[in-house]
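Novice: Next up, protein16.json (JSON, C-alpha atoms).
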[["chain", "number", "residue", "atom", "x", "y", "z"],
["A", 23, "MET", "CA", 0.00, 0.00, 0.00],
["A", 24, "ALA", "CA", 1.32, 3.42, -0.95],
["A", 25, "GLU", "CA", 2.35, 5.81, 1.78],
["A", 26, "THR", "CA", -0.11, 8.65, 2.31],
["A", 27, "ILE", "CA", 0.14, 12.20, 3.58],
["A", 28, "GLN", "CA", -2.50, 14.53, 4.98],
["A", 29, "ILE", "CA", -3.27, 17.79, 3.17],
["A", 30, "GLU", "CA", -6.10, 20.32, 3.14],
["A", 31, "VAL", "CA", -8.11, 21.74, 0.25],
["A", 32, "ALA", "CA", -9.66, 25.19, 0.77],
["A", 33, "TYR", "CA", -12.20, 27.12, -1.26],
["A", 34, "GLY", "CA", -14.20, 30.21, -0.41],
["A", 35, "LEU", "CA", -17.36, 31.77, -1.73],
["A", 36, "ALA", "CA", -18.40, 35.31, -0.85],
["A", 37, "ASP", "CA", -20.39, 34.11, 2.15],
["A", 38, "GLU", "CA", -19.10, 30.61, 2.88],
["A", 39, "GLN", "CA", -15.75, 28.84, 3.17],
["A", 40, "PHE", "CA", -14.95, 25.17, 2.69],
["A", 41, "LEU", "CA", -11.97, 23.32, 4.14],
["A", 42, "TYR", "CA", -11.50, 19.61, 3.51],
["A", 43, "THR", "CA", -8.88, 17.36, 5.06],
["A", 44, "GLU", "CA", -7.66, 14.76, 2.58],
["A", 45, "GLN", "CA", -5.37, 11.73, 2.64],
["A", 46, "VAL", "CA", -3.41, 11.51, -0.62],
["A", 47, "ALA", "CA", -0.58, 9.34, -1.90],
["A", 48, "LYS", "CA", 2.90, 10.63, -1.17],
["A", 49, "GLY", "CA", 4.32, 12.23, -4.36],
["A", 50, "MET", "CA", 0.89, 13.35, -5.63],
["A", 51, "THR", "CA", 0.64, 16.67, -7.49],
["A", 52, "VAL", "CA", -1.79, 19.51, -6.86],
["A", 53, "ILE", "CA", -3.99, 18.65, -9.84],
["A", 54, "GLU", "CA", -4.07, 14.94, -9.00],
["A", 55, "ALA", "CA", -5.15, 15.72, -5.45],
["A", 56, "LEU", "CA", -7.81, 18.17, -6.64],
["A", 57, "LYS", "CA", -9.27, 15.66, -9.09],
["A", 58, "GLN", "CA", -9.97, 13.21, -6.28],
["A", 59, "SER", "CA", -10.85, 15.83, -3.64],
["A", 60, "LYS", "CA", -14.07, 16.25, -1.69],
["A", 61, "LEU", "CA", -14.16, 19.80, -3.11],
["A", 62, "LEU", "CA", -14.82, 18.52, -6.63],
["A", 63, "MET", "CA", -17.34, 16.02, -5.29],
["A", 64, "GLU", "CA", -19.20, 18.98, -3.74],
["A", 65, "PHE", "CA", -18.67, 21.31, -6.74],
["A", 66, "PRO", "CA", -18.27, 19.04, -9.81],
["A", 67, "ASP", "CA", -18.54, 21.93, -12.31],
["A", 68, "LEU", "CA", -15.99, 24.13, -10.54],
["A", 69, "VAL", "CA", -13.53, 25.72, -12.96],
["A", 70, "ILE", "CA", -10.11, 25.83, -11.38],
["A", 71, "ASP", "CA", -7.94, 28.51, -12.96],
["A", 72, "LYS", "CA", -5.61, 29.50, -10.13],
["A", 73, "VAL", "CA", -4.36, 27.57, -7.13],
["A", 74, "GLY", "CA", -1.96, 28.27, -4.34],
["A", 75, "ILE", "CA", -0.38, 26.65, -1.34],
["A", 76, "PHE", "CA", -0.61, 28.75, 1.81],
["A", 77, "GLY", "CA", -1.33, 31.97, -0.11],
["A", 78, "LYS", "CA", 1.37, 31.64, -2.77],
["A", 79, "LEU", "CA", 0.39, 30.88, -6.36],
["A", 80, "THR", "CA", 1.60, 27.51, -7.54],
["A", 81, "THR", "CA", 1.33, 25.27, -10.57],
["A", 82, "TYR", "CA", -0.77, 22.16, -11.02],
["A", 83, "ASP", "CA", 2.32, 19.95, -11.21],
["A", 84, "THR", "CA", 3.67, 20.97, -7.80],
["A", 85, "VAL", "CA", 4.32, 17.88, -5.68],
["A", 86, "LEU", "CA", 2.56, 18.08, -2.34],
["A", 87, "ILE", "CA", 4.17, 17.56, 1.04],
["A", 88, "ALA", "CA", 2.49, 16.61, 4.29],
["A", 89, "GLY", "CA", 0.50, 19.48, 5.77],
["A", 90, "ASP", "CA", 0.11, 21.51, 2.56],
["A", 91, "ARG", "CA", -3.13, 23.45, 2.10],
["A", 92, "ILE", "CA", -4.21, 23.77, -1.52],
["A", 93, "GLU", "CA", -6.21, 26.96, -1.99],
["A", 94, "VAL", "CA", -8.50, 27.24, -5.01],
["A", 95, "TYR", "CA", -8.92, 30.90, -6.00],
["A", 96, "ARG", "CA", -12.06, 32.37, -7.52],
["A", 97, "PRO", "CA", -11.71, 34.84, -10.39],
["A", 98, "LEU", "CA", -11.85, 38.48, -9.30],
["A", 99, "LYS", "CA", -15.05, 40.30, -10.19],
["A", 100, "ALA", "CA", -13.16, 43.59, -10.44],
["A", 101, "ASP", "CA", -9.50, 44.48, -10.59],
["A", 102, "PRO", "CA", -8.66, 45.95, -7.15],
["A", 103, "ARG", "CA", -6.40, 48.60, -8.73],
["A", 104, "ASP", "CA", -9.17, 49.77, -11.06],
["A", 105, "ARG", "CA", -11.65, 49.84, -8.20],
["A", 106, "ARG", "CA", -9.26, 51.92, -6.05],
["A", 107, "ARG", "CA", -8.57, 54.29, -8.96],
["A", 108, "LYS", "CA", -12.31, 54.87, -9.40],
["A", 109, "GLN", "CA", -12.73, 55.53, -5.68],
["A", 110, "VAL", "CA", -9.96, 58.14, -5.74],
["A", 111, "GLU", "CA", -11.48, 59.82, -8.83],
["A", 112, "GLN", "CA", -14.90, 59.90, -7.17],
["A", 113, "ALA", "CA", -13.46, 61.37, -3.95],
["A", 114, "ARG", "CA", -11.68, 64.10, -5.95],
["A", 115, "LYS", "CA", -14.90, 65.00, -7.77],
["A", 116, "GLU", "CA", -16.82, 65.19, -4.52],
["A", 117, "SER", "CA", -14.19, 67.43, -2.85],
["A", 118, "GLN", "CA", -14.28, 70.04, -5.65]]
Just give me the structure of the file as structure tokens.

Specialist:
Amino acid sequence: MAETIQIEVAYGLADEQFLYTEQVAKGMTVIEALKQSKLLMEFPDLVIDKVGIFGKLTTYDTVLIAGDRIEVYRPLKADPRDRRRKQVEQARKESQ
């Protein structure tokens, strides 16, 4: 039997967060772990564009180590820089 390690898979919606503890084979990659994860059982149509481990972007072929937390990132609805720029412009207009 192959040696296993424990990892976590995290995903957040605007109003709800999901954190799953998983046992995966040692040497498994991010994408392999995601394909068999409880997350994709819960959200089978989830499109996974960006992933990270502990807040740092990573690639699908990254080999996991014990204790890693894979984070699945949702696409941004608005670019934070554009949103901030618009807020500053609006504040300038209001102060004139």

Novice: The residues within 8 Å of (-4.0, 27.3, 3.2), using all atoms listed in the file and the coordinates of the file, should be reported as a list in words; which are they?

Specialist: Glu30, Val31, Ala32, Gly74, Ile75, Phe76, Gly77, Asp90, Arg91, Ile92 and Glu93 of chain A

Novice: Emit the selected residues as a tab-separated table (two decimals), keeping the file's coordinate frame, including C-alpha atoms.

Specialist:
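Output file part-v2.tsv is given in full below:
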chain	number	residue	atom	x	y	z
A	30	GLU	CA	-6.10	20.32	3.14
A	31	VAL	CA	-8.11	21.74	0.25
A	32	ALA	CA	-9.66	25.19	0.77
A	74	GLY	CA	-1.96	28.27	-4.34
A	75	ILE	CA	-0.38	26.65	-1.34
A	76	PHE	CA	-0.61	28.75	1.81
A	77	GLY	CA	-1.33	31.97	-0.11
A	90	ASP	CA	0.11	21.51	2.56
A	91	ARG	CA	-3.13	23.45	2.10
A	92	ILE	CA	-4.21	23.77	-1.52
A	93	GLU	CA	-6.21	26.96	-1.99

Novice: Please determine the residues with any atom at most 9 Å from (-11.9, 21.8, 4.8) (coordinates as given in the file, with only C-alpha atoms counting) and report them as a list of chain:residue names.

Specialist: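 Nearby residues: A:Glu30, A:Val31, A:Ala32, A:Tyr33, A:Gln39, A:Phe40, A:Leu41, A:Tyr42, A:Thr43, A:Glu44, A:Lys60, A:Leu61.
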
Novice: Can you write out the residues you just picked, keeping C-alpha atoms, as an mmCIF file, in the coordinates of the input?

Specialist:
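Output file part10.cif is given in full below:
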data_model
loop_
_atom_site.group_PDB
_atom_site.id
_atom_site.type_symbol
_atom_site.label_atom_id
_atom_site.label_comp_id
_atom_site.auth_asym_id
_atom_site.auth_seq_id
_atom_site.Cartn_x
_atom_site.Cartn_y
_atom_site.Cartn_z
ATOM 1 C CA GLU A 30 -6.100 20.320 3.140
ATOM 2 C CA VAL A 31 -8.110 21.740 0.250
ATOM 3 C CA ALA A 32 -9.660 25.190 0.770
ATOM 4 C CA TYR A 33 -12.200 27.120 -1.260
ATOM 5 C CA GLN A 39 -15.750 28.840 3.170
ATOM 6 C CA PHE A 40 -14.950 25.170 2.690
ATOM 7 C CA LEU A 41 -11.970 23.320 4.140
ATOM 8 C CA TYR A 42 -11.500 19.610 3.510
ATOM 9 C CA THR A 43 -8.880 17.360 5.060
ATOM 10 C CA GLU A 44 -7.660 14.760 2.580
ATOM 11 C CA LYS A 60 -14.070 16.250 -1.690
ATOM 12 C CA LEU A 61 -14.160 19.800 -3.110
#

Novice: Please report the interatomic distance between CA of Gln109 (chain A) and CA of Pro97 (chain A) in Å with one decimal.

Specialist: 21.2 Å

Novice: Rounded to one decimal, what separation in Å do you get between CA of Asp83 (chain A) and CA of Ala55 (chain A)?

Specialist: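 CA of Ala55 (chain A) lies at a distance of 10.3 Å from CA of Asp83 (chain A).
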
Novice: Smallest atom-to-atom distance to Arg96 (chain A): which of A:Leu56, A:Met63, A:Ala36, A:Ile29, using all atoms listed in the file?

Specialist: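 Smallest distance to Arg96 (chain A) is found for A:Ala36.
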
Novice: What separation in Å, quoted to one decimal, exists between CA of Gly49 (chain A) and CA of Val85 (chain A)?

Specialist: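 These atoms are spaced 5.8 Å apart.
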
Novice: Calculated over all atoms listed in the file, which of the candidates A:Gln118, A:Thr84, A:Gln45, A:Ser59 has the smallest distance to Gln28 (chain A)?

Specialist: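 For Gln28 (chain A), the nearest of the candidates is A:Gln45.
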
Novice: Residues within 9 Å of Ala47 (chain A), please, as a list in words. Count only C-alpha atoms; anything in the same chain fewer than 3 positions from it doesn't count.

Specialist: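 Contacts, with the query itself left out: Ala24, Glu25, Thr26, Ile27, Gln28, Met50 and Ala55 of chain A.
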
Novice: For the selection just defined, write its residues with C-alpha atoms to a file, as a PDB file, in the coordinates of the input.

Specialist:
ATOM      1  CA  ALA A  24       1.320   3.420  -0.950  1.00  0.00           C
ATOM      2  CA  GLU A  25       2.350   5.810   1.780  1.00  0.00           C
ATOM      3  CA  THR A  26      -0.110   8.650   2.310  1.00  0.00           C
ATOM      4  CA  ILE A  27       0.140  12.200   3.580  1.00  0.00           C
ATOM      5  CA  GLN A  28      -2.500  14.530   4.980  1.00  0.00           C
ATOM      6  CA  MET A  50       0.890  13.350  -5.630  1.00  0.00           C
ATOM      7  CA  ALA A  55      -5.150  15.720  -5.450  1.00  0.00           C
TER       8      ALA A  55
END
